[in-house]
Amino acid sequence: MLFIVFLPACYPTYAPPARMTHYGAPGKMSADQVELSAVISRTMESTGGEADGAIALRDDLQLEGGAFHIPDRLTMGFVGLRYAPLNVHQRVGHLKPTLDLESGWGVGRGGQRCYPEQEVCDDVDWKRRAAAGTYLGWGMGFNAAWFDLFFRTRWQMTLADNVPLTHWLTAVLGVQFTLWGHLKLYFIGGAVCYDNAEDYAASFLGEAGVSVVINTRDN
C-alpha cells in the first residue's frame with residue numbers, strides 16, 4: 001500500500017496534482033524492459049497511495065502510467081513519457097552522470113474549494129469534482145555501480161470543477177540502491193507547494209519507493 005499526506009491548511013482550495021509521487025533515479029531502464037513500482041510518500045495530514053508501471057520503448061525513452069488514491073480526497077490516473085539522453089552513453093571511470101526529462105497528463109476526480117472568511121467549503125463531493133492537468137519535470141544525478149544520488153524538480157498545472165487554476169512545484173533530493181540487478185529502492189526528501197488565485201500552501205515531502213525491472217526479451 002502507498003501513502004501520502006497532504007499539505008496543512010484549515011480551509012484549503014486546490015486542484016489535485018496530475019502526478020503525485022516521484023520516480024527515483026534517472027536512467028533506470030533499457031530497451032525491452034518493463035518496470036513495476038510502488039511508492040510511499042508523506043507530507044503532513046492526508047494519506048493515500050500510488051502504483052506505477054513503465055515500458056522502455058528505446059534505451060533512452062519510456063512510456064509510463066499509473067494511478068493514485070487518497071481516501072475522501074482524490075483519485076487520479078496519469079500517462080507520460082520519460083526521456084533519458086545519457087542512457088546511450090557508456091560509463092567513464094567509476095561515476096556516470098544521469099539525466100532525464102518527463103512530461104505527462106493526468107485526469108480523475110478530487111480537489112477542494114473553500115472560503116476561509118466564512119470558514120466553510122462548498123458542498124461538491126470530491127467524487128463529483130472532475131480534475132485534469134499536466135506536468136513537466138527533470139532529474140539529474142550520478143550513478144556508481146549499485147548506488148545513485150539524484151535531484152528532481154517538477155512543475156504541474158491542474159484544474160478542477162469550481163476550483164481556480166492551481167500550480168504545483170516540488171523539489172527533492174534522493175538516493176537509490178540497486179539490488180540483484182533488478183530491484184531498486186529509493187528514498188527522497190524535499191519540499192512541495194501549491195499556489196492559485198485563492199490559496200497557497202507549502203510543506204516538507206518525504207518518499208520511499210520500490211521497483212522491479214523485468215527483461216521482456218532473452219539476451
# chains A, B, ... in the order shown; residues from 1 in each chain; ligands from 1
>>> select_by_dssp(residues="stretch 10-208 of chain A", states="helix (DSSP H, G or I)", output="PyMOL selection string")
chain A and resi 85-88+126-128
>>> write_last_selection(atoms="N, CA, C and O atoms", output="PDB file, in the first residue's frame")
ATOM      1  N   PRO A  85      18.550  11.030 -22.090  1.00  0.00           N
ATOM      2  CA  PRO A  85      19.528  11.089 -23.188  1.00  0.00           C
ATOM      3  C   PRO A  85      20.882  10.485 -22.856  1.00  0.00           C
ATOM      4  O   PRO A  85      21.604  10.052 -23.764  1.00  0.00           O
ATOM      5  N   LEU A  86      21.262  10.442 -21.585  1.00  0.00           N
ATOM      6  CA  LEU A  86      22.578   9.909 -21.227  1.00  0.00           C
ATOM      7  C   LEU A  86      22.590   8.387 -21.113  1.00  0.00           C
ATOM      8  O   LEU A  86      23.654   7.797 -20.926  1.00  0.00           O
ATOM      9  N   ASN A  87      21.439   7.749 -21.223  1.00  0.00           N
ATOM     10  CA  ASN A  87      21.392   6.287 -21.150  1.00  0.00           C
ATOM     11  C   ASN A  87      22.226   5.623 -22.239  1.00  0.00           C
ATOM     12  O   ASN A  87      22.720   4.506 -22.057  1.00  0.00           O
ATOM     13  N   VAL A  88      22.338   6.266 -23.387  1.00  0.00           N
ATOM     14  CA  VAL A  88      23.019   5.645 -24.530  1.00  0.00           C
ATOM     15  C   VAL A  88      24.532   5.806 -24.446  1.00  0.00           C
ATOM     16  O   VAL A  88      25.263   5.233 -25.257  1.00  0.00           O
ATOM     17  N   TRP A 126     -15.915  15.228  -3.456  1.00  0.00           N
ATOM     18  CA  TRP A 126     -14.724  15.052  -4.281  1.00  0.00           C
ATOM     19  C   TRP A 126     -14.959  14.066  -5.427  1.00  0.00           C
ATOM     20  O   TRP A 126     -14.369  14.205  -6.495  1.00  0.00           O
ATOM     21  N   LYS A 127     -15.846  13.095  -5.237  1.00  0.00           N
ATOM     22  CA  LYS A 127     -16.110  12.115  -6.287  1.00  0.00           C
ATOM     23  C   LYS A 127     -16.846  12.731  -7.476  1.00  0.00           C
ATOM     24  O   LYS A 127     -16.861  12.153  -8.557  1.00  0.00           O
ATOM     25  N   ARG A 128     -17.479  13.889  -7.269  1.00  0.00           N
ATOM     26  CA  ARG A 128     -18.210  14.559  -8.339  1.00  0.00           C
ATOM     27  C   ARG A 128     -17.443  15.757  -8.907  1.00  0.00           C
ATOM     28  O   ARG A 128     -17.965  16.476  -9.744  1.00  0.00           O
TER      29      ARG A 128
END
>>> closest_residue(among="A:Val79, A:Ala84, A:Ile70, A:Ile188", to="A:Gly110", atoms="only C-alpha atoms")
A:Ile70
>>> residues_around(residues="stretch 202-208 of chain A", least_positions_apart="4", cutoff="8 Å", atoms="only C-alpha atoms", output="number ranges by chain")
A: 7-8, 21, 39-44, 172, 185-194
>>> write_last_selection(atoms="all heavy atoms", output="short mmCIF file (atom, residue, chain, number, x, y, z; two decimals), in the first residue's frame")
data_model
loop_
_atom_site.label_atom_id
_atom_site.label_comp_id
_atom_site.auth_asym_id
_atom_site.auth_seq_id
_atom_site.Cartn_x
_atom_site.Cartn_y
_atom_site.Cartn_z
N LEU A 7 -0.97 18.73 2.23
CA LEU A 7 -0.48 19.98 2.80
C LEU A 7 -1.42 20.51 3.88
O LEU A 7 -2.62 20.42 3.75
CB LEU A 7 -0.36 21.03 1.67
CG LEU A 7 0.48 20.58 0.48
CD1 LEU A 7 0.45 21.63 -0.60
CD2 LEU A 7 1.90 20.31 0.90
N PRO A 8 -0.87 21.10 4.93
CA PRO A 8 -1.71 21.56 6.04
C PRO A 8 -2.38 22.89 5.73
O PRO A 8 -1.74 23.85 5.35
CB PRO A 8 -0.70 21.70 7.19
CG PRO A 8 0.59 22.03 6.51
CD PRO A 8 0.57 21.28 5.21
N THR A 21 3.50 11.26 -6.94
CA THR A 21 4.81 10.91 -6.40
C THR A 21 5.88 11.01 -7.48
O THR A 21 5.61 11.29 -8.64
CB THR A 21 4.80 9.50 -5.80
OG1 THR A 21 4.56 8.55 -6.84
CG2 THR A 21 3.73 9.38 -4.73
N VAL A 39 5.10 3.32 -4.30
CA VAL A 39 5.72 4.45 -3.60
C VAL A 39 4.97 4.74 -2.31
O VAL A 39 3.74 4.65 -2.28
CB VAL A 39 5.74 5.71 -4.48
CG1 VAL A 39 6.51 6.82 -3.79
CG2 VAL A 39 6.32 5.42 -5.86
N ILE A 40 5.69 5.11 -1.28
CA ILE A 40 5.11 5.62 -0.06
C ILE A 40 5.62 7.05 0.14
O ILE A 40 6.81 7.29 0.02
CB ILE A 40 5.45 4.73 1.15
CG1 ILE A 40 4.76 5.21 2.41
CG2 ILE A 40 6.95 4.64 1.38
CD1 ILE A 40 4.85 4.24 3.57
N SER A 41 4.68 8.00 0.36
CA SER A 41 5.05 9.41 0.42
C SER A 41 4.31 10.09 1.56
O SER A 41 3.19 9.71 1.89
CB SER A 41 4.71 10.08 -0.91
OG SER A 41 5.06 11.45 -0.89
N ARG A 42 4.97 11.11 2.16
CA ARG A 42 4.37 11.77 3.32
C ARG A 42 4.72 13.26 3.34
O ARG A 42 5.87 13.63 3.12
CB ARG A 42 4.86 11.11 4.60
CG ARG A 42 4.20 11.67 5.85
CD ARG A 42 4.62 10.88 7.08
NE ARG A 42 3.93 11.34 8.29
CZ ARG A 42 2.75 10.91 8.69
NH1 ARG A 42 2.12 9.99 7.98
NH2 ARG A 42 2.17 11.38 9.78
N THR A 43 3.68 14.09 3.59
CA THR A 43 3.94 15.50 3.86
C THR A 43 3.45 15.85 5.25
O THR A 43 4.25 16.01 6.14
CB THR A 43 3.30 16.42 2.81
OG1 THR A 43 1.90 16.17 2.73
CG2 THR A 43 3.96 16.21 1.47
N MET A 44 2.12 15.90 5.49
CA MET A 44 1.68 16.17 6.87
C MET A 44 0.34 15.53 7.26
O MET A 44 0.30 14.89 8.29
CB MET A 44 1.60 17.68 7.13
CG MET A 44 2.95 18.32 7.33
SD MET A 44 2.82 20.03 7.87
CE MET A 44 4.54 20.50 7.94
N VAL A 172 13.17 17.77 -4.79
CA VAL A 172 13.58 16.71 -3.87
C VAL A 172 15.00 16.26 -4.16
O VAL A 172 15.49 16.34 -5.28
CB VAL A 172 12.63 15.49 -3.96
CG1 VAL A 172 11.22 15.87 -3.58
CG2 VAL A 172 12.66 14.88 -5.36
N LEU A 185 15.48 0.42 -4.80
CA LEU A 185 14.88 1.10 -3.67
C LEU A 185 15.35 2.55 -3.66
O LEU A 185 16.55 2.81 -3.81
CB LEU A 185 15.29 0.44 -2.35
CG LEU A 185 15.03 -1.06 -2.21
CD1 LEU A 185 15.63 -1.56 -0.91
CD2 LEU A 185 13.54 -1.35 -2.26
N TYR A 186 14.43 3.50 -3.50
CA TYR A 186 14.86 4.89 -3.42
C TYR A 186 14.18 5.60 -2.26
O TYR A 186 13.10 5.23 -1.82
CB TYR A 186 14.60 5.63 -4.74
CG TYR A 186 13.19 6.11 -4.98
CD1 TYR A 186 12.74 7.31 -4.41
CD2 TYR A 186 12.31 5.39 -5.78
CE1 TYR A 186 11.45 7.78 -4.64
CE2 TYR A 186 11.02 5.86 -6.02
CZ TYR A 186 10.60 7.05 -5.44
OH TYR A 186 9.32 7.50 -5.65
N PHE A 187 14.86 6.65 -1.77
CA PHE A 187 14.39 7.47 -0.67
C PHE A 187 14.67 8.93 -1.00
O PHE A 187 15.79 9.25 -1.43
CB PHE A 187 15.10 7.08 0.64
CG PHE A 187 14.99 5.63 0.98
CD1 PHE A 187 15.95 4.73 0.53
CD2 PHE A 187 13.94 5.16 1.74
CE1 PHE A 187 15.85 3.39 0.82
CE2 PHE A 187 13.83 3.81 2.06
CZ PHE A 187 14.79 2.91 1.59
N ILE A 188 13.67 9.80 -0.81
CA ILE A 188 13.86 11.20 -1.12
C ILE A 188 13.29 12.08 -0.01
O ILE A 188 12.44 11.66 0.77
CB ILE A 188 13.19 11.60 -2.46
CG1 ILE A 188 11.67 11.47 -2.37
CG2 ILE A 188 13.74 10.80 -3.62
CD1 ILE A 188 10.95 12.02 -3.58
N GLY A 189 13.79 13.32 0.04
CA GLY A 189 13.24 14.34 0.92
C GLY A 189 13.32 15.68 0.23
O GLY A 189 14.21 15.92 -0.59
N GLY A 190 12.36 16.55 0.50
CA GLY A 190 12.35 17.85 -0.14
C GLY A 190 11.15 18.67 0.25
O GLY A 190 10.68 18.60 1.40
N ALA A 191 10.64 19.44 -0.69
CA ALA A 191 9.54 20.36 -0.41
C ALA A 191 8.52 20.31 -1.53
O ALA A 191 8.84 20.01 -2.70
CB ALA A 191 10.07 21.78 -0.26
N VAL A 192 7.26 20.60 -1.19
CA VAL A 192 6.16 20.68 -2.15
C VAL A 192 5.33 21.90 -1.81
O VAL A 192 5.15 22.25 -0.64
CB VAL A 192 5.30 19.40 -2.11
CG1 VAL A 192 4.79 19.11 -0.72
CG2 VAL A 192 4.13 19.51 -3.09
N CYS A 193 4.83 22.59 -2.84
CA CYS A 193 3.94 23.73 -2.60
C CYS A 193 2.92 23.81 -3.74
O CYS A 193 3.15 23.29 -4.83
CB CYS A 193 4.71 25.04 -2.49
SG CYS A 193 5.49 25.58 -4.02
N TYR A 194 1.77 24.41 -3.45
CA TYR A 194 0.82 24.74 -4.50
C TYR A 194 0.41 26.20 -4.36
O TYR A 194 0.52 26.80 -3.28
CB TYR A 194 -0.40 23.81 -4.49
CG TYR A 194 -1.38 24.01 -3.35
CD1 TYR A 194 -2.28 25.08 -3.34
CD2 TYR A 194 -1.43 23.11 -2.29
CE1 TYR A 194 -3.19 25.24 -2.30
CE2 TYR A 194 -2.34 23.27 -1.25
CZ TYR A 194 -3.21 24.33 -1.26
OH TYR A 194 -4.11 24.51 -0.24
#
>>> closest_residue(among="A:Phe177, A:Val163, A:Phe147, A:Phe78", to="A:Tyr115", atoms="only C-alpha atoms")
A:Val163
>>> atom_distance(atom1="atom CA of A:Phe68", atom2="atom CA of A:Trp180")
28.1 Å
>>> residues_around(residues="A:Asp195", least_positions_apart="2", cutoff="10 Å", atoms="only C-alpha atoms", output="list in words")
Thr13, Tyr14, Ala15, Met157, Pro164, Leu165, Thr166, His167, Trp168, Leu169, Cys193, Ala197, Glu198, Asp199, Tyr200, Ala201 and Ala202 of chain A
>>> residues_around(residues="A:Ala54", least_positions_apart="6", cutoff="9 Å", atoms="only C-alpha atoms", output="list in words")
Gln33, Val34, Glu35, Leu36, Ser37, Gln62, Leu63, Glu64, Gly65 and Gly66 of chain A
>>> closest_residue(among="A:Asp60, A:Ala145, A:Ala67, A:Gly48", to="A:Leu95", atoms="only C-alpha atoms")
A:Ala145
>>> select_by_dssp(residues="stretch 53-177 of chain A", states="strand (DSSP E)", output="JSON, numbers by chain")
{"A": [53, 54, 55, 56, 57, 58, 61, 62, 63, 64, 65, 66, 67, 68, 69, 70, 74, 75, 76, 77, 78, 79, 80, 81, 82, 83, 96, 97, 98, 99, 100, 101, 102, 103, 104, 105, 106, 107, 108, 109, 110, 114, 115, 120, 121, 130, 131, 132, 133, 134, 135, 136, 137, 138, 139, 140, 141, 142, 143, 144, 147, 148, 149, 150, 151, 152, 153, 154, 155, 156, 157, 158, 159, 160, 163, 164, 165, 166, 167, 168, 169, 170, 171, 172, 173, 174, 175, 176, 177]}
>>> closest_residue(among="A:Leu99, A:Val107, A:Leu57, A:Ala25", to="A:Leu81", atoms="only C-alpha atoms")
A:Leu57
>>> decode(residues="stretch 119-154 of chain A", atoms="N, CA and C atoms", output="PDB file, in the first residue's frame")
ATOM      1  N   GLU A 119     -15.310  30.280   6.819  1.00  0.00           N
ATOM      2  CA  GLU A 119     -14.922  29.019   7.442  1.00  0.00           C
ATOM      3  C   GLU A 119     -15.806  27.871   6.971  1.00  0.00           C
ATOM      4  N   VAL A 120     -16.040  27.822   5.654  1.00  0.00           N
ATOM      5  CA  VAL A 120     -16.833  26.753   5.054  1.00  0.00           C
ATOM      6  C   VAL A 120     -16.200  26.354   3.727  1.00  0.00           C
ATOM      7  N   CYS A 121     -16.553  25.161   3.263  1.00  0.00           N
ATOM      8  CA  CYS A 121     -16.177  24.678   1.935  1.00  0.00           C
ATOM      9  C   CYS A 121     -17.454  24.410   1.148  1.00  0.00           C
ATOM     10  N   ASP A 122     -17.348  24.386  -0.176  1.00  0.00           N
ATOM     11  CA  ASP A 122     -18.549  24.120  -0.962  1.00  0.00           C
ATOM     12  C   ASP A 122     -19.023  22.685  -0.727  1.00  0.00           C
ATOM     13  N   ASP A 123     -20.233  22.384  -1.204  1.00  0.00           N
ATOM     14  CA  ASP A 123     -20.832  21.074  -0.914  1.00  0.00           C
ATOM     15  C   ASP A 123     -20.633  20.075  -2.042  1.00  0.00           C
ATOM     16  N   VAL A 124     -19.641  20.314  -2.923  1.00  0.00           N
ATOM     17  CA  VAL A 124     -19.347  19.375  -4.005  1.00  0.00           C
ATOM     18  C   VAL A 124     -18.481  18.241  -3.456  1.00  0.00           C
ATOM     19  N   ASP A 125     -19.004  17.032  -3.498  1.00  0.00           N
ATOM     20  CA  ASP A 125     -18.231  15.875  -3.051  1.00  0.00           C
ATOM     21  C   ASP A 125     -17.056  15.653  -3.993  1.00  0.00           C
ATOM     22  N   TRP A 126     -15.915  15.228  -3.456  1.00  0.00           N
ATOM     23  CA  TRP A 126     -14.724  15.052  -4.281  1.00  0.00           C
ATOM     24  C   TRP A 126     -14.959  14.066  -5.427  1.00  0.00           C
ATOM     25  N   LYS A 127     -15.846  13.095  -5.237  1.00  0.00           N
ATOM     26  CA  LYS A 127     -16.110  12.115  -6.287  1.00  0.00           C
ATOM     27  C   LYS A 127     -16.846  12.731  -7.476  1.00  0.00           C
ATOM     28  N   ARG A 128     -17.479  13.889  -7.269  1.00  0.00           N
ATOM     29  CA  ARG A 128     -18.210  14.559  -8.339  1.00  0.00           C
ATOM     30  C   ARG A 128     -17.443  15.757  -8.907  1.00  0.00           C
ATOM     31  N   ARG A 129     -16.187  15.950  -8.470  1.00  0.00           N
ATOM     32  CA  ARG A 129     -15.391  17.080  -8.940  1.00  0.00           C
ATOM     33  C   ARG A 129     -14.349  16.575  -9.938  1.00  0.00           C
ATOM     34  N   ALA A 130     -14.622  16.753 -11.225  1.00  0.00           N
ATOM     35  CA  ALA A 130     -13.682  16.319 -12.257  1.00  0.00           C
ATOM     36  C   ALA A 130     -12.417  17.169 -12.202  1.00  0.00           C
ATOM     37  N   ALA A 131     -11.273  16.531 -12.479  1.00  0.00           N
ATOM     38  CA  ALA A 131      -9.986  17.226 -12.418  1.00  0.00           C
ATOM     39  C   ALA A 131      -9.091  16.733 -13.554  1.00  0.00           C
ATOM     40  N   ALA A 132      -8.202  17.606 -14.012  1.00  0.00           N
ATOM     41  CA  ALA A 132      -7.260  17.252 -15.073  1.00  0.00           C
ATOM     42  C   ALA A 132      -6.070  18.202 -15.005  1.00  0.00           C
ATOM     43  N   GLY A 133      -4.944  17.758 -15.536  1.00  0.00           N
ATOM     44  CA  GLY A 133      -3.773  18.619 -15.523  1.00  0.00           C
ATOM     45  C   GLY A 133      -2.610  18.019 -16.288  1.00  0.00           C
ATOM     46  N   THR A 134      -1.490  18.739 -16.287  1.00  0.00           N
ATOM     47  CA  THR A 134      -0.288  18.313 -16.983  1.00  0.00           C
ATOM     48  C   THR A 134       0.921  18.550 -16.090  1.00  0.00           C
ATOM     49  N   TYR A 135       2.018  17.868 -16.378  1.00  0.00           N
ATOM     50  CA  TYR A 135       3.226  18.049 -15.590  1.00  0.00           C
ATOM     51  C   TYR A 135       4.467  18.014 -16.477  1.00  0.00           C
ATOM     52  N   LEU A 136       5.503  18.733 -16.028  1.00  0.00           N
ATOM     53  CA  LEU A 136       6.822  18.756 -16.650  1.00  0.00           C
ATOM     54  C   LEU A 136       7.858  18.658 -15.542  1.00  0.00           C
ATOM     55  N   GLY A 137       8.904  17.879 -15.768  1.00  0.00           N
ATOM     56  CA  GLY A 137       9.926  17.766 -14.747  1.00  0.00           C
ATOM     57  C   GLY A 137      11.241  17.283 -15.308  1.00  0.00           C
ATOM     58  N   TRP A 138      12.253  17.300 -14.469  1.00  0.00           N
ATOM     59  CA  TRP A 138      13.558  16.782 -14.859  1.00  0.00           C
ATOM     60  C   TRP A 138      14.299  16.287 -13.620  1.00  0.00           C
ATOM     61  N   GLY A 139      15.250  15.395 -13.870  1.00  0.00           N
ATOM     62  CA  GLY A 139      16.080  14.879 -12.805  1.00  0.00           C
ATOM     63  C   GLY A 139      17.504  14.719 -13.285  1.00  0.00           C
ATOM     64  N   MET A 140      18.450  14.836 -12.377  1.00  0.00           N
ATOM     65  CA  MET A 140      19.859  14.642 -12.716  1.00  0.00           C
ATOM     66  C   MET A 140      20.579  14.067 -11.508  1.00  0.00           C
ATOM     67  N   GLY A 141      21.696  13.372 -11.769  1.00  0.00           N
ATOM     68  CA  GLY A 141      22.437  12.804 -10.667  1.00  0.00           C
ATOM     69  C   GLY A 141      23.677  12.076 -11.144  1.00  0.00           C
ATOM     70  N   PHE A 142      24.164  11.158 -10.285  1.00  0.00           N
ATOM     71  CA  PHE A 142      25.324  10.345 -10.590  1.00  0.00           C
ATOM     72  C   PHE A 142      25.064   8.913 -10.134  1.00  0.00           C
ATOM     73  N   ASN A 143      25.569   7.973 -10.918  1.00  0.00           N
ATOM     74  CA  ASN A 143      25.471   6.557 -10.592  1.00  0.00           C
ATOM     75  C   ASN A 143      26.860   5.982 -10.370  1.00  0.00           C
ATOM     76  N   ALA A 144      27.020   5.196  -9.314  1.00  0.00           N
ATOM     77  CA  ALA A 144      28.260   4.469  -9.042  1.00  0.00           C
ATOM     78  C   ALA A 144      27.877   3.037  -8.704  1.00  0.00           C
ATOM     79  N   ALA A 145      27.928   2.170  -9.711  1.00  0.00           N
ATOM     80  CA  ALA A 145      27.570   0.750  -9.535  1.00  0.00           C
ATOM     81  C   ALA A 145      26.144   0.624  -9.022  1.00  0.00           C
ATOM     82  N   TRP A 146      25.946   0.218  -7.752  1.00  0.00           N
ATOM     83  CA  TRP A 146      24.605  -0.049  -7.211  1.00  0.00           C
ATOM     84  C   TRP A 146      24.006   1.154  -6.492  1.00  0.00           C
ATOM     85  N   PHE A 147      24.687   2.316  -6.529  1.00  0.00           N
ATOM     86  CA  PHE A 147      24.244   3.498  -5.782  1.00  0.00           C
ATOM     87  C   PHE A 147      24.021   4.689  -6.705  1.00  0.00           C
ATOM     88  N   ASP A 148      22.894   5.425  -6.471  1.00  0.00           N
ATOM     89  CA  ASP A 148      22.602   6.660  -7.198  1.00  0.00           C
ATOM     90  C   ASP A 148      22.324   7.787  -6.221  1.00  0.00           C
ATOM     91  N   LEU A 149      22.825   8.968  -6.538  1.00  0.00           N
ATOM     92  CA  LEU A 149      22.472  10.208  -5.864  1.00  0.00           C
ATOM     93  C   LEU A 149      21.834  11.112  -6.911  1.00  0.00           C
ATOM     94  N   PHE A 150      20.655  11.690  -6.604  1.00  0.00           N
ATOM     95  CA  PHE A 150      19.947  12.444  -7.645  1.00  0.00           C
ATOM     96  C   PHE A 150      19.105  13.567  -7.050  1.00  0.00           C
ATOM     97  N   PHE A 151      18.756  14.506  -7.925  1.00  0.00           N
ATOM     98  CA  PHE A 151      17.884  15.632  -7.610  1.00  0.00           C
ATOM     99  C   PHE A 151      16.754  15.651  -8.624  1.00  0.00           C
ATOM    100  N   ARG A 152      15.528  16.003  -8.160  1.00  0.00           N
ATOM    101  CA  ARG A 152      14.390  16.126  -9.063  1.00  0.00           C
ATOM    102  C   ARG A 152      13.583  17.374  -8.751  1.00  0.00           C
ATOM    103  N   THR A 153      13.006  17.954  -9.808  1.00  0.00           N
ATOM    104  CA  THR A 153      12.021  19.011  -9.632  1.00  0.00           C
ATOM    105  C   THR A 153      10.918  18.816 -10.665  1.00  0.00           C
ATOM    106  N   ARG A 154       9.690  19.200 -10.289  1.00  0.00           N
ATOM    107  CA  ARG A 154       8.544  19.010 -11.182  1.00  0.00           C
ATOM    108  C   ARG A 154       7.575  20.180 -11.015  1.00  0.00           C
TER     109      ARG A 154
END
